[in-house]
Amino acid sequence: MLPPRINKDAVQKSMGSYADKSVSIEQRGAIYEELVGFLPPRIEARMLVTGALDPKMLDLQEQMREHGMYPSCFDVKTAQLMLFGMLLMDLSDAAVLHGIAARKAGATWEEMQAVINLCFLFRGLSAANRGAELLANICDRESKATS
């Protein structure tokens, strides 16, 4: 469901350590912990690699992400449902993260299925199949977290 984590030690040995002096890597990761409950592997990779090689770019990326992902006109659940749908339209594997975030923000299974249904209308059975698989995997993840 999620890609594997990178080898942090290899990155640090070859590329250097996270170098942003104004914001720690833990502070950067906190928003993801709040949103999805963990720091996703590819985001961790971007923070470690870009944070070592070009911390200014990482800061700009995170500023843009925060501005775009948290518009004042939408609550978090609505924004995450929309992102889930947009990424599902592309059959992107990042859709699962926004599905997890939507659920964490209070989205119901019915709302998630409604987003999949909208995707189906314009993307077809591949979106319906992938969406159902994602919901089943998110459900499994949630059931394991509560047991």
# chains A, B, ... in the order shown; residues from 1 in each chain; ligands from 1
$ select_by_dssp --residues "stretch 13-97 of chain A" --states "alpha helix (DSSP H)" --output "number ranges by chain"
A: 13-15, 25-36, 41-53, 55-69, 76-89, 95-97
$ residues_around --residues "A:Arg123" --least-positions-apart "4" --cutoff "8 Å" --atoms "only C-alpha atoms" --output "PyMOL selection string"
chain A and resi 89+119+127
$ atom_distance --atom1 "atom CA of A:Arg130" --atom2 "atom CA of A:Glu111"
16.0 Å
$ closest_residue --among "A:Ala114, A:Val36, A:Leu53, A:Met1" --to "A:Glu133" --atoms "only C-alpha atoms"
A:Met1
$ closest_atom_pairs --of "stretch 42-89 of chain A" --to "stretch 9-15 of chain A" --cutoff "12 Å" --atoms "only C-alpha atoms" --output "CSV"
residue,atom,partner,partner_atom,distance
A:Glu44,CA,A:Val11,CA,11.4
A:Ala45,CA,A:Val11,CA,8.9
A:Arg46,CA,A:Val11,CA,10.9
A:Met47,CA,A:Val11,CA,11.0
A:Leu48,CA,A:Val11,CA,7.4
A:Val49,CA,A:Val11,CA,6.8
A:Thr50,CA,A:Met15,CA,9.3
A:Gly51,CA,A:Met15,CA,9.8
A:Ala52,CA,A:Met15,CA,6.5
A:Leu53,CA,A:Met15,CA,6.7
A:Asp54,CA,A:Met15,CA,10.5
$ write_last_selection --atoms "C-alpha atoms" --output "PDB file, in the first residue's frame"
ATOM      1  CA  GLU A  44      10.426  11.575   4.423  1.00  0.00           C
ATOM      2  CA  ALA A  45      12.750  10.920   1.462  1.00  0.00           C
ATOM      3  CA  ARG A  46      12.129  14.423   0.065  1.00  0.00           C
ATOM      4  CA  MET A  47      12.799  15.964   3.461  1.00  0.00           C
ATOM      5  CA  LEU A  48      16.026  14.036   3.949  1.00  0.00           C
ATOM      6  CA  VAL A  49      17.388  14.388   0.402  1.00  0.00           C
ATOM      7  CA  THR A  50      16.224  17.886  -0.518  1.00  0.00           C
ATOM      8  CA  GLY A  51      16.647  18.995   3.080  1.00  0.00           C
ATOM      9  CA  ALA A  52      20.337  18.068   2.806  1.00  0.00           C
ATOM     10  CA  LEU A  53      21.018  19.194  -0.753  1.00  0.00           C
ATOM     11  CA  ASP A  54      18.745  22.235  -1.132  1.00  0.00           C
TER      12      ASP A  54
END
$ atom_distance --atom1 "atom CA of A:Leu39" --atom2 "atom CA of A:Val115"
24.6 Å
$ decode --residues "stretch 5-20 of chain A" --atoms "all heavy atoms" --output "PDB file, in the first residue's frame"
ATOM      1  N   ARG A   5      10.430   2.642   3.100  1.00  0.00           N
ATOM      2  CA  ARG A   5      11.237   3.781   3.562  1.00  0.00           C
ATOM      3  C   ARG A   5      12.635   3.688   2.961  1.00  0.00           C
ATOM      4  O   ARG A   5      13.136   2.599   2.699  1.00  0.00           O
ATOM      5  CB  ARG A   5      11.327   3.791   5.079  1.00  0.00           C
ATOM      6  CG  ARG A   5       9.965   3.978   5.718  1.00  0.00           C
ATOM      7  CD  ARG A   5      10.052   4.779   6.992  1.00  0.00           C
ATOM      8  NE  ARG A   5       8.718   5.046   7.481  1.00  0.00           N
ATOM      9  CZ  ARG A   5       8.012   6.139   7.197  1.00  0.00           C
ATOM     10  NH1 ARG A   5       8.521   7.064   6.435  1.00  0.00           N
ATOM     11  NH2 ARG A   5       6.805   6.307   7.683  1.00  0.00           N
ATOM     12  N   ILE A   6      13.231   4.833   2.758  1.00  0.00           N
ATOM     13  CA  ILE A   6      14.598   4.872   2.234  1.00  0.00           C
ATOM     14  C   ILE A   6      15.590   4.558   3.352  1.00  0.00           C
ATOM     15  O   ILE A   6      15.238   4.579   4.531  1.00  0.00           O
ATOM     16  CB  ILE A   6      14.926   6.252   1.611  1.00  0.00           C
ATOM     17  CG1 ILE A   6      14.832   7.354   2.685  1.00  0.00           C
ATOM     18  CG2 ILE A   6      14.029   6.547   0.436  1.00  0.00           C
ATOM     19  CD1 ILE A   6      15.506   8.645   2.285  1.00  0.00           C
ATOM     20  N   ASN A   7      16.822   4.315   2.970  1.00  0.00           N
ATOM     21  CA  ASN A   7      17.895   4.085   3.928  1.00  0.00           C
ATOM     22  C   ASN A   7      18.439   5.449   4.349  1.00  0.00           C
ATOM     23  O   ASN A   7      19.234   6.063   3.633  1.00  0.00           O
ATOM     24  CB  ASN A   7      18.979   3.224   3.284  1.00  0.00           C
ATOM     25  CG  ASN A   7      20.107   2.902   4.224  1.00  0.00           C
ATOM     26  OD1 ASN A   7      20.412   3.653   5.154  1.00  0.00           O
ATOM     27  ND2 ASN A   7      20.758   1.783   3.979  1.00  0.00           N
ATOM     28  N   LYS A   8      18.012   5.931   5.511  1.00  0.00           N
ATOM     29  CA  LYS A   8      18.416   7.260   6.002  1.00  0.00           C
ATOM     30  C   LYS A   8      19.933   7.365   6.151  1.00  0.00           C
ATOM     31  O   LYS A   8      20.520   8.388   5.820  1.00  0.00           O
ATOM     32  CB  LYS A   8      17.778   7.545   7.360  1.00  0.00           C
ATOM     33  CG  LYS A   8      16.307   7.711   7.352  1.00  0.00           C
ATOM     34  CD  LYS A   8      15.856   8.025   8.786  1.00  0.00           C
ATOM     35  CE  LYS A   8      14.383   7.832   8.956  1.00  0.00           C
ATOM     36  NZ  LYS A   8      13.957   8.120  10.337  1.00  0.00           N
ATOM     37  N   ASP A   9      20.542   6.311   6.668  1.00  0.00           N
ATOM     38  CA  ASP A   9      21.990   6.350   6.897  1.00  0.00           C
ATOM     39  C   ASP A   9      22.759   6.515   5.589  1.00  0.00           C
ATOM     40  O   ASP A   9      23.711   7.287   5.524  1.00  0.00           O
ATOM     41  CB  ASP A   9      22.452   5.085   7.627  1.00  0.00           C
ATOM     42  CG  ASP A   9      21.888   4.998   9.047  1.00  0.00           C
ATOM     43  OD1 ASP A   9      21.588   6.057   9.642  1.00  0.00           O
ATOM     44  OD2 ASP A   9      21.745   3.871   9.551  1.00  0.00           O
ATOM     45  N   ALA A  10      22.340   5.804   4.552  1.00  0.00           N
ATOM     46  CA  ALA A  10      23.007   5.917   3.257  1.00  0.00           C
ATOM     47  C   ALA A  10      22.855   7.320   2.691  1.00  0.00           C
ATOM     48  O   ALA A  10      23.814   7.889   2.145  1.00  0.00           O
ATOM     49  CB  ALA A  10      22.456   4.881   2.277  1.00  0.00           C
ATOM     50  N   VAL A  11      21.657   7.890   2.815  1.00  0.00           N
ATOM     51  CA  VAL A  11      21.425   9.256   2.318  1.00  0.00           C
ATOM     52  C   VAL A  11      22.315  10.238   3.065  1.00  0.00           C
ATOM     53  O   VAL A  11      23.000  11.070   2.460  1.00  0.00           O
ATOM     54  CB  VAL A  11      19.933   9.641   2.450  1.00  0.00           C
ATOM     55  CG1 VAL A  11      19.730  11.128   2.210  1.00  0.00           C
ATOM     56  CG2 VAL A  11      19.086   8.819   1.491  1.00  0.00           C
ATOM     57  N   GLN A  12      22.328  10.146   4.384  1.00  0.00           N
ATOM     58  CA  GLN A  12      23.126  11.085   5.175  1.00  0.00           C
ATOM     59  C   GLN A  12      24.620  10.929   4.892  1.00  0.00           C
ATOM     60  O   GLN A  12      25.343  11.927   4.798  1.00  0.00           O
ATOM     61  CB  GLN A  12      22.839  10.904   6.664  1.00  0.00           C
ATOM     62  CG  GLN A  12      21.458  11.422   7.028  1.00  0.00           C
ATOM     63  CD  GLN A  12      21.077  11.160   8.476  1.00  0.00           C
ATOM     64  OE1 GLN A  12      21.685  10.318   9.154  1.00  0.00           O
ATOM     65  NE2 GLN A  12      20.060  11.856   8.939  1.00  0.00           N
ATOM     66  N   LYS A  13      25.074   9.705   4.726  1.00  0.00           N
ATOM     67  CA  LYS A  13      26.499   9.465   4.459  1.00  0.00           C
ATOM     68  C   LYS A  13      26.907  10.034   3.102  1.00  0.00           C
ATOM     69  O   LYS A  13      27.962  10.634   2.953  1.00  0.00           O
ATOM     70  CB  LYS A  13      26.791   7.968   4.508  1.00  0.00           C
ATOM     71  CG  LYS A  13      28.251   7.625   4.344  1.00  0.00           C
ATOM     72  CD  LYS A  13      28.483   6.126   4.467  1.00  0.00           C
ATOM     73  CE  LYS A  13      29.949   5.810   4.246  1.00  0.00           C
ATOM     74  NZ  LYS A  13      30.198   4.376   4.265  1.00  0.00           N
ATOM     75  N   SER A  14      26.055   9.864   2.105  1.00  0.00           N
ATOM     76  CA  SER A  14      26.386  10.282   0.748  1.00  0.00           C
ATOM     77  C   SER A  14      26.032  11.740   0.448  1.00  0.00           C
ATOM     78  O   SER A  14      26.768  12.433  -0.239  1.00  0.00           O
ATOM     79  CB  SER A  14      25.674   9.373  -0.255  1.00  0.00           C
ATOM     80  OG  SER A  14      26.018   9.717  -1.566  1.00  0.00           O
ATOM     81  N   MET A  15      24.892  12.203   0.964  1.00  0.00           N
ATOM     82  CA  MET A  15      24.388  13.529   0.605  1.00  0.00           C
ATOM     83  C   MET A  15      24.509  14.555   1.720  1.00  0.00           C
ATOM     84  O   MET A  15      24.368  15.745   1.479  1.00  0.00           O
ATOM     85  CB  MET A  15      22.916  13.425   0.187  1.00  0.00           C
ATOM     86  CG  MET A  15      22.709  12.559  -1.021  1.00  0.00           C
ATOM     87  SD  MET A  15      20.947  12.416  -1.362  1.00  0.00           S
ATOM     88  CE  MET A  15      20.947  10.993  -2.410  1.00  0.00           C
ATOM     89  N   GLY A  16      24.694  14.088   2.926  1.00  0.00           N
ATOM     90  CA  GLY A  16      24.778  14.985   4.069  1.00  0.00           C
ATOM     91  C   GLY A  16      23.502  14.930   4.893  1.00  0.00           C
ATOM     92  O   GLY A  16      22.527  14.297   4.527  1.00  0.00           O
ATOM     93  N   SER A  17      23.538  15.641   5.994  1.00  0.00           N
ATOM     94  CA  SER A  17      22.405  15.677   6.913  1.00  0.00           C
ATOM     95  C   SER A  17      21.443  16.787   6.545  1.00  0.00           C
ATOM     96  O   SER A  17      21.800  17.740   5.852  1.00  0.00           O
ATOM     97  CB  SER A  17      22.904  15.907   8.345  1.00  0.00           C
ATOM     98  OG  SER A  17      23.697  14.826   8.752  1.00  0.00           O
ATOM     99  N   TYR A  18      20.236  16.675   7.038  1.00  0.00           N
ATOM    100  CA  TYR A  18      19.224  17.716   6.904  1.00  0.00           C
ATOM    101  C   TYR A  18      19.864  19.031   7.346  1.00  0.00           C
ATOM    102  O   TYR A  18      20.463  19.109   8.419  1.00  0.00           O
ATOM    103  CB  TYR A  18      18.020  17.339   7.773  1.00  0.00           C
ATOM    104  CG  TYR A  18      16.923  18.357   7.793  1.00  0.00           C
ATOM    105  CD1 TYR A  18      15.922  18.343   6.828  1.00  0.00           C
ATOM    106  CD2 TYR A  18      16.870  19.324   8.792  1.00  0.00           C
ATOM    107  CE1 TYR A  18      14.897  19.277   6.852  1.00  0.00           C
ATOM    108  CE2 TYR A  18      15.855  20.255   8.819  1.00  0.00           C
ATOM    109  CZ  TYR A  18      14.872  20.237   7.857  1.00  0.00           C
ATOM    110  OH  TYR A  18      13.857  21.160   7.878  1.00  0.00           O
ATOM    111  N   ALA A  19      19.748  20.074   6.536  1.00  0.00           N
ATOM    112  CA  ALA A  19      20.546  21.273   6.761  1.00  0.00           C
ATOM    113  C   ALA A  19      19.761  22.556   7.038  1.00  0.00           C
ATOM    114  O   ALA A  19      20.356  23.614   7.176  1.00  0.00           O
ATOM    115  CB  ALA A  19      21.458  21.503   5.540  1.00  0.00           C
ATOM    116  N   ASP A  20      18.449  22.499   7.134  1.00  0.00           N
ATOM    117  CA  ASP A  20      17.677  23.715   7.393  1.00  0.00           C
ATOM    118  C   ASP A  20      17.819  24.079   8.868  1.00  0.00           C
ATOM    119  O   ASP A  20      17.384  23.335   9.738  1.00  0.00           O
ATOM    120  CB  ASP A  20      16.207  23.505   7.027  1.00  0.00           C
ATOM    121  CG  ASP A  20      15.394  24.786   7.049  1.00  0.00           C
ATOM    122  OD1 ASP A  20      15.772  25.741   7.770  1.00  0.00           O
ATOM    123  OD2 ASP A  20      14.367  24.839   6.351  1.00  0.00           O
TER     124      ASP A  20
END
